[in-house]
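For reference, model-v5.txt (compact mmCIF, C-alpha atoms and all ligand atoms):
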# COMPACT_ATOMS: atom_id res chain seq x y z
CA MET P 1 -69.34 -46.28 -12.98
CA THR P 2 -72.04 -48.34 -11.42
CA LYS P 3 -73.98 -51.06 -13.13
CA ALA P 4 -77.22 -49.21 -12.26
CA VAL P 5 -76.83 -46.98 -15.29
CA PHE P 6 -77.09 -50.07 -17.48
CA GLN P 7 -80.77 -50.71 -16.61
CA ASP P 8 -81.98 -49.57 -20.03
CA PRO P 9 -83.02 -52.58 -22.20
CA ILE P 10 -80.48 -51.63 -24.91
CA PHE P 11 -77.74 -52.62 -22.47
CA GLN P 12 -79.46 -55.90 -21.54
CA ASP P 13 -81.32 -57.33 -24.51
CA GLU P 14 -79.51 -57.99 -27.79
CA ASN P 15 -82.70 -57.56 -29.85
CA LYS P 16 -83.41 -54.20 -28.24
CA ALA P 17 -79.80 -53.15 -28.79
CA ARG P 18 -80.04 -54.06 -32.46
CA GLU P 19 -83.37 -52.31 -32.92
CA ALA P 20 -81.95 -49.20 -31.28
CA LEU P 21 -78.97 -49.33 -33.64
CA GLU P 22 -81.33 -49.72 -36.61
CA ALA P 23 -83.28 -46.66 -35.46
CA VAL P 24 -80.09 -44.64 -35.17
CA ARG P 25 -78.57 -45.79 -38.42
CA TRP P 26 -81.76 -45.86 -40.48
CA PRO P 27 -84.04 -43.08 -39.18
CA ASP P 28 -86.16 -43.32 -42.37
CA GLY P 29 -86.22 -47.10 -42.65
CA ALA P 30 -83.67 -49.74 -43.63
CA VAL P 31 -81.19 -49.12 -46.44
CA CYS P 32 -79.56 -51.98 -48.32
CA PRO P 33 -75.78 -51.62 -47.91
CA HIS P 34 -75.17 -53.62 -51.11
CA CYS P 35 -77.18 -51.60 -53.65
CA GLY P 36 -78.38 -48.56 -51.69
CA ASN P 37 -82.05 -49.47 -52.08
CA SER P 38 -84.18 -47.70 -49.48
CA ASP P 39 -87.62 -48.52 -50.92
CA GLN P 40 -89.32 -50.13 -47.92
CA GLU P 41 -91.66 -52.04 -50.26
CA LYS P 42 -88.63 -53.90 -51.56
CA LEU P 43 -87.04 -54.56 -48.19
CA ALA P 44 -88.20 -57.20 -45.75
CA LYS P 45 -87.15 -58.49 -42.38
CA VAL P 46 -86.35 -62.17 -42.54
CA GLU P 47 -88.39 -63.19 -39.55
CA GLY P 48 -88.62 -66.93 -39.63
CA VAL P 49 -88.70 -69.06 -36.54
CA LYS P 50 -85.93 -71.01 -38.20
CA GLN P 51 -82.82 -70.95 -36.07
CA SER P 52 -80.75 -70.88 -39.24
CA HIS P 53 -81.62 -67.23 -39.71
CA ARG P 54 -79.44 -64.70 -38.03
CA PRO P 55 -81.56 -62.38 -35.92
CA GLY P 56 -81.93 -58.94 -37.45
CA LEU P 57 -81.47 -60.24 -40.97
CA TRP P 58 -82.96 -58.22 -43.84
CA TYR P 59 -83.63 -59.20 -47.43
CA CYS P 60 -83.38 -56.78 -50.36
CA ASN P 61 -85.69 -57.58 -53.22
CA GLU P 62 -83.80 -55.21 -55.49
CA CYS P 63 -80.41 -56.95 -55.43
CA LYS P 64 -81.56 -60.18 -53.75
CA GLY P 65 -78.96 -59.59 -51.07
CA GLN P 66 -79.15 -60.10 -47.34
CA PHE P 67 -77.81 -57.81 -44.66
CA THR P 68 -77.98 -56.77 -41.04
CA VAL P 69 -77.54 -53.33 -39.48
CA THR P 70 -73.86 -53.99 -38.81
CA VAL P 71 -72.89 -54.75 -42.43
CA GLY P 72 -70.42 -52.14 -43.68
CA THR P 73 -69.73 -50.78 -40.20
CA VAL P 74 -66.95 -51.06 -37.68
CA PHE P 75 -69.07 -53.69 -35.88
CA GLU P 76 -69.13 -56.11 -38.77
CA ARG P 77 -67.29 -59.31 -37.84
CA SER P 78 -67.15 -58.21 -34.22
CA LYS P 79 -68.07 -60.96 -31.80
CA VAL P 80 -68.91 -58.42 -29.13
CA PRO P 81 -72.69 -58.22 -28.56
CA LEU P 82 -74.37 -54.95 -29.48
CA THR P 83 -75.49 -54.51 -25.86
CA LYS P 84 -71.81 -54.14 -24.93
CA TRP P 85 -71.17 -51.72 -27.78
CA TRP P 86 -73.98 -49.55 -26.40
CA MET P 87 -72.43 -49.77 -22.92
CA ALA P 88 -68.99 -48.81 -24.18
CA ALA P 89 -70.41 -45.94 -26.27
CA HIS P 90 -72.35 -44.77 -23.22
CA MET P 91 -69.28 -44.87 -21.01
CA ILE P 92 -67.03 -43.00 -23.46
CA ASN P 93 -69.70 -40.28 -23.66
CA SER P 94 -70.61 -39.96 -19.99
CA GLY P 95 -67.98 -37.51 -18.92
CA LYS P 96 -65.58 -34.97 -20.31
CA ASN P 97 -62.57 -37.22 -19.83
CA GLY P 98 -63.53 -40.35 -21.68
CA VAL P 99 -62.94 -43.79 -20.26
CA SER P 100 -59.94 -46.10 -20.16
CA ALA P 101 -59.85 -49.50 -21.82
CA HIS P 102 -59.25 -50.90 -18.34
CA GLU P 103 -62.57 -49.51 -17.07
CA ILE P 104 -64.35 -50.92 -20.13
CA HIS P 105 -62.68 -54.28 -19.55
CA ARG P 106 -63.91 -54.38 -15.95
CA ALA P 107 -67.41 -52.97 -16.51
CA LEU P 108 -68.25 -55.06 -19.58
CA GLY P 109 -66.47 -58.27 -18.68
CA VAL P 110 -64.54 -58.37 -21.96
CA THR P 111 -60.79 -58.92 -22.17
CA TYR P 112 -58.54 -55.90 -21.95
CA LYS P 113 -57.49 -56.43 -25.55
CA THR P 114 -61.11 -56.49 -26.74
CA ALA P 115 -61.86 -53.36 -24.70
CA TRP P 116 -58.88 -51.63 -26.30
CA PHE P 117 -60.06 -52.49 -29.82
CA MET P 118 -63.62 -51.42 -28.98
CA MET P 119 -62.40 -48.03 -27.81
CA HIS P 120 -60.44 -47.43 -30.98
CA ARG P 121 -63.41 -48.47 -33.10
CA LEU P 122 -65.64 -46.03 -31.23
CA ARG P 123 -63.06 -43.27 -31.77
CA GLU P 124 -63.17 -44.15 -35.45
CA ALA P 125 -66.97 -43.80 -35.31
CA MET P 126 -66.54 -40.35 -33.72
CA THR P 127 -64.36 -39.20 -36.63
CA ASP P 128 -66.02 -36.93 -39.16
CA LEU P 129 -65.00 -38.32 -42.56
CA ALA P 130 -66.42 -35.48 -44.62
CA PRO P 131 -65.98 -32.31 -42.60
CA THR P 132 -67.33 -29.11 -44.14
CA PRO P 133 -65.51 -25.79 -43.67
CA MET P 134 -66.12 -24.04 -40.35
CA GLY P 135 -67.06 -20.41 -39.90
CA GLY P 136 -68.10 -18.16 -42.77
CA SER P 137 -68.96 -14.57 -43.47
CA GLY P 138 -69.56 -12.60 -40.28
CA LYS P 139 -68.16 -15.41 -38.13
CA SER P 140 -64.86 -15.89 -36.40
CA ILE P 141 -62.58 -18.90 -36.17
CA GLN P 142 -60.21 -19.28 -33.25
CA ALA P 143 -56.96 -21.11 -33.92
CA ASP P 144 -54.39 -22.08 -31.34
CA GLU P 145 -51.66 -24.65 -30.90
CA THR P 146 -50.30 -26.62 -28.00
CA TYR P 147 -47.78 -29.36 -27.35
CA ILE P 148 -48.58 -32.82 -26.10
CA GLY P 149 -45.96 -35.18 -24.81
CA ASN P 150 -45.62 -37.93 -22.32
CA SER P 151 -43.89 -36.30 -19.43
CA SER P 152 -43.48 -39.53 -17.48
CA LYS P 153 -39.80 -40.44 -17.26
CA ARG P 154 -40.81 -44.08 -17.16
CA ALA P 155 -42.50 -43.85 -20.53
CA LYS P 156 -40.86 -45.45 -23.51
CA GLY P 157 -38.87 -42.97 -25.54
CA TYR P 158 -38.92 -40.26 -22.87
CA LYS P 159 -36.71 -37.32 -23.72
CA LYS P 160 -36.22 -34.14 -21.84
CA GLY P 161 -37.32 -30.89 -23.44
CA HIS P 162 -39.95 -29.91 -25.97
CA SER P 163 -38.47 -31.30 -29.16
CA HIS P 164 -40.05 -34.75 -28.67
CA LYS P 165 -43.50 -33.34 -28.09
CA ASN P 166 -46.24 -33.41 -30.68
CA SER P 167 -48.00 -30.32 -31.86
CA VAL P 168 -51.75 -30.10 -31.78
CA VAL P 169 -53.63 -27.35 -33.59
CA ALA P 170 -57.24 -26.66 -32.63
CA LEU P 171 -59.87 -24.64 -34.46
CA VAL P 172 -63.06 -23.53 -32.75
CA ASP P 173 -66.06 -21.79 -34.27
CA PRO P 174 -67.55 -19.92 -31.31
CA SER P 175 -70.85 -19.41 -33.16
CA THR P 176 -71.53 -23.16 -33.09
CA GLY P 177 -69.21 -24.14 -30.23
CA LYS P 178 -67.68 -26.86 -32.37
CA ALA P 179 -64.00 -27.76 -32.31
CA ARG P 180 -61.62 -29.65 -34.54
CA ALA P 181 -58.12 -30.65 -33.54
CA PHE P 182 -55.20 -31.91 -35.57
CA HIS P 183 -51.96 -33.64 -34.77
CA VAL P 184 -48.97 -32.32 -36.66
CA LYS P 185 -45.37 -33.36 -36.20
CA ARG P 186 -44.37 -29.73 -36.03
CA ALA P 187 -46.57 -26.69 -36.02
CA ASN P 188 -45.13 -24.21 -38.49
CA ALA P 189 -46.57 -21.64 -40.88
CA GLU P 190 -47.06 -24.28 -43.59
CA THR P 191 -48.77 -26.99 -41.50
CA VAL P 192 -50.97 -24.44 -39.75
CA ARG P 193 -51.96 -22.88 -43.08
CA GLU P 194 -52.87 -26.25 -44.56
CA ILE P 195 -55.19 -26.98 -41.61
CA LEU P 196 -56.78 -23.54 -41.70
CA VAL P 197 -57.48 -23.27 -45.41
CA THR P 198 -58.92 -26.78 -45.63
CA ASN P 199 -61.12 -26.47 -42.52
CA ALA P 200 -62.25 -22.86 -42.34
CA HIS P 201 -64.06 -20.55 -44.74
CA ARG P 202 -61.72 -17.77 -45.75
CA SER P 203 -64.64 -15.39 -45.39
CA SER P 204 -64.26 -15.86 -41.61
CA GLU P 205 -62.29 -13.59 -39.34
CA LEU P 206 -59.30 -15.39 -37.85
CA HIS P 207 -58.58 -14.99 -34.15
CA THR P 208 -55.22 -16.17 -32.83
CA ASP P 209 -52.54 -15.23 -30.35
CA GLU P 210 -49.56 -13.20 -31.49
CA SER P 211 -47.64 -16.22 -32.69
CA ARG P 212 -45.93 -15.69 -36.04
CA LEU P 213 -47.36 -19.01 -37.20
CA TYR P 214 -50.56 -17.24 -38.20
CA THR P 215 -49.26 -13.98 -39.68
CA LYS P 216 -49.09 -15.13 -43.29
CA VAL P 217 -52.21 -17.27 -43.42
CA GLY P 218 -54.10 -14.55 -41.53
CA ALA P 219 -53.85 -12.36 -44.61
CA GLU P 220 -55.85 -14.94 -46.56
CA PHE P 221 -58.86 -14.52 -44.28
CA ALA P 222 -61.47 -11.77 -44.22
CA GLY P 223 -59.67 -10.43 -41.18
CA HIS P 224 -57.06 -11.47 -38.65
CA LYS P 225 -57.12 -10.23 -35.06
CA THR P 226 -54.69 -11.23 -32.38
CA VAL P 227 -54.79 -11.38 -28.63
CA ASN P 228 -51.83 -11.52 -26.29
CA HIS P 229 -52.48 -14.39 -23.94
CA GLY P 230 -48.94 -14.86 -22.69
CA TRP P 231 -48.39 -15.67 -19.02
CA ASN P 232 -46.09 -12.74 -18.53
CA GLY P 233 -48.40 -10.65 -16.42
CA ARG P 234 -49.50 -8.63 -19.42
CA GLY P 235 -51.81 -11.32 -20.70
CA GLU P 236 -55.10 -10.20 -22.08
CA TYR P 237 -57.84 -12.70 -22.78
CA VAL P 238 -60.13 -10.64 -24.90
CA GLY P 239 -58.79 -8.03 -27.31
CA LYS P 240 -60.31 -4.61 -27.78
CA ASP P 241 -62.45 -5.84 -30.68
CA GLY P 242 -63.67 -8.83 -28.73
CA GLN P 243 -61.20 -11.24 -30.30
CA THR P 244 -60.19 -14.16 -28.14
CA THR P 245 -58.77 -17.67 -28.28
CA ASN P 246 -60.44 -18.63 -25.01
CA ASN P 247 -62.58 -21.36 -26.56
CA ALA P 248 -59.59 -23.04 -28.20
CA GLU P 249 -57.67 -22.85 -24.92
CA ASN P 250 -60.66 -24.30 -23.13
CA PHE P 251 -60.65 -27.23 -25.56
CA PHE P 252 -56.95 -27.84 -24.86
CA GLY P 253 -57.66 -27.72 -21.13
CA VAL P 254 -60.31 -30.44 -21.42
CA PHE P 255 -58.08 -32.50 -23.69
CA LYS P 256 -55.02 -32.29 -21.46
CA ARG P 257 -56.94 -33.06 -18.26
CA GLY P 258 -58.56 -36.05 -19.93
CA MET P 259 -55.30 -37.35 -21.33
CA ARG P 260 -53.60 -36.97 -17.98
CA GLY P 261 -56.36 -38.63 -16.01
CA THR P 262 -57.66 -41.32 -18.30
CA TYR P 263 -55.23 -42.09 -21.07
CA ILE P 264 -51.86 -42.13 -19.41
CA PHE P 265 -49.81 -43.78 -22.08
CA CYS P 266 -50.94 -42.36 -25.38
CA SER P 267 -48.50 -43.03 -28.15
CA GLU P 268 -47.94 -40.56 -30.96
CA GLN P 269 -49.47 -43.06 -33.36
CA HIS P 270 -52.87 -42.84 -31.65
CA LEU P 271 -52.95 -39.14 -30.83
CA LYS P 272 -55.11 -38.44 -33.90
CA ARG P 273 -57.78 -40.85 -32.63
CA TYR P 274 -57.86 -39.31 -29.16
CA LEU P 275 -58.18 -35.86 -30.72
CA ALA P 276 -61.14 -37.11 -32.76
CA GLU P 277 -62.74 -38.40 -29.56
CA PHE P 278 -62.24 -35.16 -27.62
CA SER P 279 -63.30 -32.99 -30.56
CA PHE P 280 -66.48 -35.05 -30.94
CA ARG P 281 -67.40 -34.82 -27.26
CA TYR P 282 -66.55 -31.11 -27.11
CA SER P 283 -68.57 -30.37 -30.26
CA ASN P 284 -71.56 -32.30 -28.87
CA ARG P 285 -71.30 -31.27 -25.23
CA ALA P 286 -74.03 -30.74 -22.66
CA GLY P 287 -73.45 -26.98 -22.81
CA LEU P 288 -74.66 -27.06 -26.42
CA GLY P 289 -77.80 -28.91 -25.39
CA VAL P 290 -76.69 -32.44 -26.32
CA THR P 291 -77.55 -35.11 -23.75
CA ASP P 292 -75.39 -38.12 -22.88
CA GLY P 293 -77.91 -40.36 -24.63
CA GLU P 294 -77.93 -38.25 -27.80
CA ARG P 295 -74.13 -38.18 -27.85
CA THR P 296 -74.04 -41.97 -27.45
CA ALA P 297 -76.51 -42.42 -30.33
CA LEU P 298 -74.52 -39.97 -32.49
CA THR P 299 -71.39 -42.04 -31.85
CA LEU P 300 -73.07 -45.24 -32.99
CA LYS P 301 -74.52 -43.42 -36.00
CA GLY P 302 -70.93 -42.75 -37.02
CA ILE P 303 -70.05 -46.43 -37.42
CA GLU P 304 -71.09 -46.38 -41.06
CA GLY P 305 -68.43 -46.66 -43.71
CA LYS P 306 -65.64 -46.81 -41.18
CA ARG P 307 -64.86 -50.49 -41.47
CA LEU P 308 -62.17 -50.14 -44.10
CA THR P 309 -60.43 -47.22 -42.47
CA TYR P 310 -59.67 -49.11 -39.30
CA ARG P 311 -56.54 -51.16 -39.15
CA PRO P 312 -55.45 -52.66 -35.85
CA THR P 313 -51.77 -52.06 -35.31
CA ASN P 314 -51.08 -54.92 -32.96
ZN ZN C 1 -79.94 -54.35 -52.26
Kindly transcribe the structure held in the file into structure tokens.
Amino acid sequence: MTKAVFQDPIFQDENKAREALEAVRWPDGAVCPHCGNSDQEKLAKVEGVKQSHRPGLWYCNECKGQFTVTVGTVFERSKVPLTKWWMAAHMINSGKNGVSAHEIHRALGVTYKTAWFMMHRLREAMTDLAPTPMGGSGKSIQADETYIGNSSKRAKGYKKGHSHKNSVVALVDPSTGKARAFHVKRANAETVREILVTNAHRSSELHTDESRLYTKVGAEFAGHKTVNHGWNGRGEYVGKDGQTTNNAENFFGVFKRGMRGTYIFCSEQHLKRYLAEFSFRYSNRAGLGVTDGERTALTLKGIEGKRLTYRPTN
């Protein structure tokens, strides 16, 4: 990552960074976070020359309250300038693999600890708090599971074998290209069913491998087709009716490469956040026509209402 990519004023000028955040968060004009007022006649920028005014301060004539664009977001109370938030959001969105807190620390000149907190806040921003069901009539949903574990023998808590690994279940709607992934302690018929019925329309056709995990829940969907993708030499990737789990496997491939290369020591506790990050990037990838800049702006748009859900753990 070179500094040259940070030539844009939003990475240099705090006022420009704030205005850009306002544009992303309030595409139709400012909204008072205290009372919800969005009547622009009753909202005013407090633009005095007085140094006592915080830059970017707004006044709501409805509730007589004051606010800035960061009130009620993960950035509230953060001492990190918005220019650096834009840089970090840009870096986390500039490749398939994400970016380590160490790279953020070096590129932004913030402490490692600050970089680490920033990354987790951005992952929080990438989390969809109100997901709607995927798929629908005439559409298919691919479901697949994989196991994630730290295979480094030097890692804390390393155990040999698969029992210590965490299960991850991914759903992909190939009609939109969007993915969602979930961390479960153990993938079994019950946990997989819970994920499927809360995240996918039952009018969809379910596509899975031949794992028995999906047999029962498959009957609850409009249809259930399986594909044998085992590595036993008989593996087929697309079934005779066109069913496949290739997209879900592709998501796992991106996730595992990223985790191996960028996030070496991911504890079980944070797996959910990394999955949110990879699902977000995958669902808003270049192949779907989303640019790096749009993905960065979408990330910062997601800061709203996340403040209370984030709790630092150390
Ligand atoms: Zn108000």
**Å distance separating atom CA of P:Leu129 from atom CA of P:Ala286, one decimal place** =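 So the two atoms, atom CA of P:Leu129 and atom CA of P:Ala286, lie 23.1 Å apart.
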**Request:** Work out how far apart atom CA of P:Ser167 and atom CA of P:Leu206 are and give it in Å to one decimal.
**Result:** 19.7 Å
**Message:** Between atom CA of P:Arg25 and atom CA of P:Ala297, what distance in Å does the model show, to one decimal?
**Reply:**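 Interatomic distance, atom CA of P:Arg25 to atom CA of P:Ala297: 9.0 Å.
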**Prompt:** Near P:Glu124, counting all atoms listed in the file, which residues have an atom at most 12 Å away, once you skip same-chain residues fewer than 3 positions from it, shown as a ChimeraX atom specification?
**Reply:** /P:73-75,89,117-121,127-129,270,272-278,280,299-312
**Item:** Given 6 Å and only C-alpha atoms and all ligand atoms, residues near ligand ZN 1 (chain C) as a PyMOL selection string
**Value:** chain P and resi 32+34-35+37+60+62-63+65
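Shortest separation to P:Met134 among P:Arg193, P:His90, P:His201, P:Arg18 occurs at residue P:His201, atoms counted being all atoms listed in the file.
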**Request:** Skip stretch 96-105 of chain P itself and residues of its chain fewer than 5 positions away, then list as a list in words all residues within 7 Å of it, counting only C-alpha atoms.
**Result:**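 Near neighbours after the sequence-gap exclusion: Ala88, Met91, Val110, Thr111, Tyr112, Ala115, Trp116, Met119, Gly258, Thr262 and Tyr263 of chain P.
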